[in-house]
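Coordinates from target30.txt are shown below (compact mmCIF, C-alpha atoms).
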```
# COMPACT_ATOMS: atom_id res chain seq x y z
CA MET G 1 -21.32 5.17 -13.93
CA GLU G 2 -18.36 4.46 -16.20
CA LYS G 3 -18.85 7.67 -18.18
CA VAL G 4 -19.28 9.75 -15.03
CA PHE G 5 -16.04 8.37 -13.59
CA LYS G 6 -14.04 9.06 -16.77
CA LYS G 7 -15.33 12.62 -16.84
CA HIS G 8 -14.47 13.29 -13.18
CA GLU G 9 -11.58 10.85 -12.65
CA THR G 10 -9.23 13.38 -11.05
CA LEU G 11 -11.87 14.73 -8.68
CA ILE G 12 -13.01 11.24 -7.67
CA THR G 13 -9.43 10.07 -7.10
CA ILE G 14 -8.68 13.05 -4.84
CA ALA G 15 -11.96 12.47 -3.00
CA LEU G 16 -11.09 8.81 -2.40
CA ILE G 17 -7.69 9.77 -0.96
CA ILE G 18 -9.30 12.32 1.38
CA ILE G 19 -12.06 9.94 2.46
CA TYR G 20 -9.56 7.20 3.21
CA VAL G 21 -7.20 9.46 5.18
CA VAL G 22 -10.04 10.96 7.22
CA ALA G 23 -11.69 7.58 7.90
CA ASN G 24 -8.36 5.96 8.79
CA SER G 25 -7.41 8.80 11.15
CA TYR G 26 -10.84 8.69 12.77
CA THR G 27 -10.68 4.96 13.47
CA MET G 28 -7.12 5.20 14.78
CA GLN G 29 -7.89 8.10 17.13
CA ASN G 30 -11.15 6.69 18.43
CA PHE G 31 -10.75 2.92 18.32
CA GLY G 32 -7.18 1.91 17.46
CA TYR G 33 -6.26 -0.74 14.90
CA THR G 34 -7.02 -3.69 17.20
CA SER G 35 -10.74 -2.96 17.56
CA ILE G 36 -13.74 -4.50 15.86
CA GLN G 37 -14.86 -1.00 14.84
CA SER G 38 -11.72 -0.43 12.80
CA ALA G 39 -12.04 -3.86 11.20
CA ILE G 40 -15.65 -3.16 10.19
CA ILE G 41 -15.03 0.39 8.92
CA ASN G 42 -12.05 -0.62 6.78
CA THR G 43 -13.86 -3.69 5.45
CA ILE G 44 -16.79 -1.51 4.40
CA LEU G 45 -14.43 0.94 2.67
CA SER G 46 -12.80 -1.95 0.79
CA ALA G 47 -16.19 -3.31 -0.28
CA VAL G 48 -17.35 0.11 -1.50
CA ILE G 49 -14.20 0.75 -3.56
CA LEU G 50 -14.21 -2.79 -4.97
CA THR G 51 -17.84 -2.33 -5.99
CA LEU G 52 -16.92 0.97 -7.65
CA ILE G 53 -14.15 -0.73 -9.62
CA PHE G 54 -16.58 -3.35 -10.93
CA LEU G 55 -19.18 -0.70 -11.80
CA ILE G 56 -16.71 1.33 -13.84
CA LYS G 57 -15.36 -1.87 -15.42
CA ARG G 58 -11.72 -1.33 -14.44
CA VAL G 59 -10.80 -4.59 -12.74
CA LYS G 60 -7.99 -5.37 -15.17
CA PHE G 61 -7.07 -1.70 -15.59
CA TYR G 62 -6.29 -1.45 -11.87
CA GLY G 63 -4.34 -4.67 -11.88
CA LEU G 64 -6.71 -6.99 -10.02
CA THR G 65 -5.51 -9.82 -12.25
CA LYS G 66 -2.74 -12.41 -12.37
CA PRO G 67 0.74 -10.81 -12.71
CA GLU G 68 2.76 -11.13 -15.90
CA LYS G 69 6.42 -12.23 -16.18
CA SER G 70 6.60 -13.72 -12.68
CA LYS G 71 9.91 -15.39 -13.49
CA GLN G 72 11.55 -12.05 -14.27
CA PHE G 73 10.40 -10.80 -10.87
CA LEU G 74 12.15 -13.81 -9.26
CA TYR G 75 8.62 -15.05 -8.52
CA PHE G 76 8.22 -12.10 -6.12
CA ILE G 77 10.25 -13.97 -3.48
CA PRO G 78 12.23 -10.81 -2.52
CA LEU G 79 8.90 -9.04 -2.00
CA MET G 80 7.67 -11.76 0.34
CA ILE G 81 10.94 -11.78 2.29
CA ILE G 82 10.70 -8.01 2.82
CA SER G 83 7.09 -8.43 3.97
CA LEU G 84 8.44 -10.38 6.98
CA PHE G 85 10.68 -7.49 8.04
CA ASN G 86 8.62 -6.74 11.15
CA LEU G 87 9.56 -10.17 12.51
CA ARG G 88 13.32 -9.56 12.26
CA ARG G 89 13.67 -9.55 16.05
CA GLY G 90 11.31 -12.44 16.63
CA ILE G 91 7.64 -12.64 17.53
CA HIS G 92 6.27 -10.67 20.46
CA ILE G 93 2.66 -11.31 21.57
CA ASN G 94 1.18 -8.70 23.88
CA ASN G 95 -2.44 -8.64 22.72
CA THR G 96 -5.53 -10.75 23.16
CA THR G 97 -6.60 -13.16 20.43
CA SER G 98 -9.51 -10.95 19.42
CA GLU G 99 -7.25 -7.88 19.18
CA ILE G 100 -4.83 -9.79 16.96
CA ILE G 101 -7.66 -10.97 14.70
CA PHE G 102 -9.18 -7.48 14.38
CA HIS G 103 -5.75 -5.98 13.75
CA ILE G 104 -5.02 -8.47 10.97
CA ILE G 105 -8.43 -7.86 9.35
CA THR G 106 -7.92 -4.10 9.56
CA MET G 107 -4.41 -4.23 8.15
CA LEU G 108 -5.32 -6.55 5.28
CA ASN G 109 -7.97 -4.02 4.32
CA VAL G 110 -5.56 -1.12 4.76
CA GLY G 111 -3.13 -2.91 2.45
CA PHE G 112 -5.82 -3.26 -0.19
CA LEU G 113 -7.12 0.29 0.21
CA GLU G 114 -3.75 2.01 0.07
CA GLU G 115 -2.61 -0.02 -2.92
CA ILE G 116 -5.80 0.41 -4.91
CA ILE G 117 -5.90 4.16 -4.18
CA MET G 118 -2.20 5.06 -4.46
CA ARG G 119 -1.03 2.52 -7.04
CA GLY G 120 -4.37 1.98 -8.72
CA PHE G 121 -6.42 5.17 -8.97
CA LEU G 122 -3.63 7.76 -8.50
CA PHE G 123 -0.87 6.12 -10.56
CA LYS G 124 -3.12 5.01 -13.43
CA MET G 125 -4.74 8.44 -13.57
CA MET G 126 -1.32 10.09 -14.09
CA GLU G 127 0.38 7.33 -16.10
CA LYS G 128 -1.28 8.24 -19.39
CA ASP G 129 0.29 11.72 -19.31
CA ASN G 130 3.75 10.99 -17.89
CA VAL G 131 4.87 7.61 -16.50
CA LYS G 132 7.94 8.90 -14.67
CA ARG G 133 5.97 11.66 -12.99
CA ALA G 134 3.26 9.18 -12.04
CA ILE G 135 5.85 6.89 -10.42
CA ILE G 136 7.41 9.76 -8.46
CA VAL G 137 4.10 11.25 -7.29
CA SER G 138 2.68 7.85 -6.31
CA SER G 139 5.81 6.99 -4.31
CA ILE G 140 6.13 10.33 -2.51
CA THR G 141 2.39 10.68 -1.85
CA PHE G 142 2.34 7.23 -0.27
CA GLY G 143 5.30 8.05 1.96
CA MET G 144 4.17 11.54 2.94
CA GLY G 145 0.72 10.20 3.74
CA HIS G 146 2.19 8.58 6.85
CA ILE G 147 2.73 12.04 8.37
CA VAL G 148 -0.91 11.84 9.41
CA ASN G 149 0.24 9.38 12.11
CA LEU G 150 1.54 12.41 14.03
CA LEU G 151 -2.07 13.52 14.42
CA ASN G 152 -2.86 10.07 15.78
CA GLY G 153 -0.35 10.44 18.62
CA ALA G 154 2.75 8.86 17.04
CA ASP G 155 6.21 10.12 18.03
CA PHE G 156 8.02 12.44 15.61
CA VAL G 157 11.26 10.50 14.99
CA PRO G 158 9.64 7.07 14.34
CA THR G 159 7.11 8.78 12.07
CA LEU G 160 9.89 10.55 10.15
CA LEU G 161 11.69 7.23 9.69
CA GLN G 162 8.43 5.65 8.56
CA VAL G 163 7.90 8.38 5.96
CA CYS G 164 11.43 7.82 4.60
CA TYR G 165 11.16 4.06 4.16
CA ALA G 166 7.52 4.29 3.06
CA ILE G 167 8.58 6.40 0.07
CA THR G 168 11.04 3.65 -0.90
CA ILE G 169 8.41 0.96 -0.36
CA GLY G 170 6.05 3.02 -2.50
CA TYR G 171 8.63 3.18 -5.27
CA MET G 172 9.20 -0.58 -5.11
CA LEU G 173 5.49 -1.34 -5.24
CA VAL G 174 4.70 1.04 -8.08
CA MET G 175 7.51 -0.57 -10.09
CA VAL G 176 6.03 -4.01 -9.40
CA PHE G 177 2.61 -2.80 -10.54
CA TYR G 178 3.89 -0.93 -13.59
CA LYS G 179 6.02 -3.81 -14.86
CA SER G 180 3.83 -6.80 -13.92
CA LYS G 181 0.48 -5.14 -14.75
CA SER G 182 -0.85 -6.63 -11.52
CA LEU G 183 -1.60 -5.06 -8.16
CA ILE G 184 -2.12 -8.43 -6.47
CA PRO G 185 1.53 -8.91 -5.34
CA CYS G 186 1.52 -5.36 -3.96
CA ILE G 187 -1.72 -5.90 -2.04
CA ILE G 188 -0.49 -9.19 -0.56
CA PHE G 189 2.86 -7.67 0.43
CA HIS G 190 1.28 -4.57 1.96
CA GLY G 191 -1.32 -6.54 3.91
CA ILE G 192 1.23 -8.99 5.34
CA PHE G 193 3.77 -6.25 6.16
CA ASN G 194 1.18 -4.24 8.08
CA ALA G 195 -0.52 -7.22 9.73
CA LEU G 196 2.73 -8.58 11.16
CA SER G 197 3.48 -5.24 12.84
CA ILE G 198 1.41 -6.37 15.81
CA PHE G 199 4.04 -9.02 16.53
CA SER G 200 6.96 -6.58 16.25
CA THR G 201 9.19 -6.19 19.32
CA GLY G 202 9.80 -2.47 18.98
CA LYS G 203 9.74 0.76 16.99
CA SER G 204 11.80 1.39 13.90
CA THR G 205 15.39 2.50 14.43
CA VAL G 206 17.60 4.41 12.04
CA ILE G 207 19.56 1.24 11.25
CA SER G 208 16.47 -0.91 10.62
CA SER G 209 14.96 1.84 8.46
CA ILE G 210 18.15 2.09 6.39
CA ILE G 211 18.21 -1.69 5.92
CA LEU G 212 14.58 -1.65 4.79
CA ILE G 213 15.27 1.22 2.39
CA ILE G 214 18.25 -0.65 0.88
CA LEU G 215 16.22 -3.86 0.44
CA CYS G 216 13.27 -2.09 -1.20
CA LEU G 217 15.39 0.17 -3.37
CA GLY G 218 17.57 -2.74 -4.45
CA TYR G 219 14.59 -4.83 -5.57
CA ALA G 220 12.98 -1.83 -7.29
CA LEU G 221 16.15 -1.06 -9.25
CA TYR G 222 16.47 -4.74 -10.20
CA ILE G 223 12.92 -4.69 -11.53
CA ASN G 224 13.50 -1.46 -13.41
CA LYS G 225 16.59 -2.89 -15.10
CA LYS G 226 15.57 -6.50 -15.73
CA VAL G 227 11.86 -6.33 -16.51
CA LYS G 228 10.58 -4.66 -19.65
CA SER G 229 7.27 -2.83 -19.34
```
Kindly transcribe the structure held in the file into structure tokens.
Amino acid sequence: MEKVFKKHETLITIALIIIYVVANSYTMQNFGYTSIQSAIINTILSAVILTLIFLIKRVKFYGLTKPEKSKQFLYFIPLMIISLFNLRRGIHINNTTSEIIFHIITMLNVGFLEEIIMRGFLFKMMEKDNVKRAIIVSSITFGMGHIVNLLNGADFVPTLLQVCYAITIGYMLVMVFYKSKSLIPCIIFHGIFNALSIFSTGKSTVISSIILIILCLGYALYINKKVKS
């Protein structure tokens, strides 16, 4: 399995991205993120990819280990503060308990899947040839991937804002992964950020998107300057 993956790494990585996007769009269009179906489908996807990682013996390679130099990252406190951004206007509960639970399960899995695919498979595949290019492609691909929300019925302007700040979030997270050698902080951040969206009081505005971009970009630039790879 390990030899097969190394031989077809690019093809497999592209296939994983396509499978995830198609599966995620299907669950959103047919069930929504607060359904048990979405929770099950995303959990199965996570289990399959995690199994693949163990089979090809790339657990450490993809950063599923303890991060290095935590002190230089300010113990990832800025990352955790940004993860609470969806609660900036307070907590709004407009769903049943089961919907909240299924949404959280789904979003924790989405956080894992997007990080392991975009920051793990995609970035690590390109890193060996050109680190800067890998960082740029990983960041932009992550942000542009949110355009698919338009197909799921999302409004144009909020989706455009989401794409803009998602690119910045992608840049911040790939810098965390590249410098700390661990994807764990990225997965935790991504899962929490997405899961708390169910308690958000409204859609993103231009001002809130700009604030989020400044926070993410500021932390990413700090990491780039202060932490040696």
Q. Counting only C-alpha atoms, what is within 8 Å of region 116-127 of chain G, bar same-chain residues fewer than 5 positions away, as a PyMOL selection string?
A. chain G and resi 9-10+13+16-17+62-63+132-135+137-138+141-142+173-174+177+183
Any chance you could tabulate, as a tab-separated table, the residues of region 18-88 of chain G at most 10 Å from region 147-150 of chain G with each one's nearest atom pair and distance in Å to one decimal, using only C-alpha atoms, in chain and rising number order?
```
residue	atom	partner	partner_atom	distance
G:Val21	CA	G:Val148	CA	7.9
G:Val22	CA	G:Val148	CA	9.4
G:Asn24	CA	G:Val148	CA	9.5
G:Ser25	CA	G:Val148	CA	7.4
G:Met28	CA	G:Asn149	CA	8.9
G:Gln29	CA	G:Asn149	CA	9.6
```
Q: Write out as a ChimeraX atom specification the residues lying within 12 Å of region 204-221 of chain G, counting all atoms listed in the file and excluding same-chain residues fewer than 2 positions away.
A: /G:72-74,76-89,135,139,155-179,189,193,197,200-202,223-227
Q: Find the residues around Lys60 (chain G) up to 10 Å (only C-alpha atoms counted), leave out those fewer than 4 positions away in its own chain, and share them as a PyMOL selection string.
A: chain G and resi 53-54+64-66+181-183
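Atom pair CA of Val59 (chain G) / CA of Tyr75 (chain G): separated by 22.5 Å.
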Q: Between CA of Met107 (chain G) and CA of Ile198 (chain G), measure the distance and give it in Å to one decimal.
A: 9.9 Å
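Taking CA of Thr97 (chain G) as the reference point, CA of Ser35 (chain G) is found at 11.4 Å.
Summary of the local environment: counting all atoms listed in the file, residues at most 9 Å from Ile36 (chain G), other than itself and those fewer than 3 positions away along its chain, are Phe31, Tyr33, Ala39, Ile40, Ile41, Ser98, Glu99, Ile101, Phe102, His103 and Thr106 of chain G.
Restricting the calculation to only C-alpha atoms, the smallest distance between Asn109 (chain G) and any of G:Ile44, G:Ile184, G:Ile140, G:Ile91 is found for G:Ile44.
Counting only C-alpha atoms and comparing G:Tyr20, G:Phe61, G:Phe199, G:Phe112, the residue that lies closest to Gly145 (chain G) is G:Tyr20.
Residue nearest Lys71 (chain G), chosen from G:Ala23, G:Ser229, G:Ser180, G:Thr43 and counting all atoms listed in the file: G:Ser180.
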Grab all the atoms of region 201-211 of chain G that the file lists, wrap them in a box along x, y and z, add 3 Å per side, and give me centre plus edge lengths in Å (one decimal) as JSON.
```
{"center_x": 14.4, "center_y": -0.9, "center_z": 12.6, "size_x": 16.4, "size_y": 16.6, "size_z": 19.4}
```
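Shortest atom-to-atom contact with Phe5 (chain G) among G:Ile56, G:Asn42, G:Lys228, G:Thr51: G:Ile56, counting only C-alpha atoms.
With all atoms listed in the file as the atoms that count, the residue of G:Tyr222, G:Lys203, G:Gly191, G:Ala15 with the shortest distance to Ile105 (chain G) is G:Gly191.
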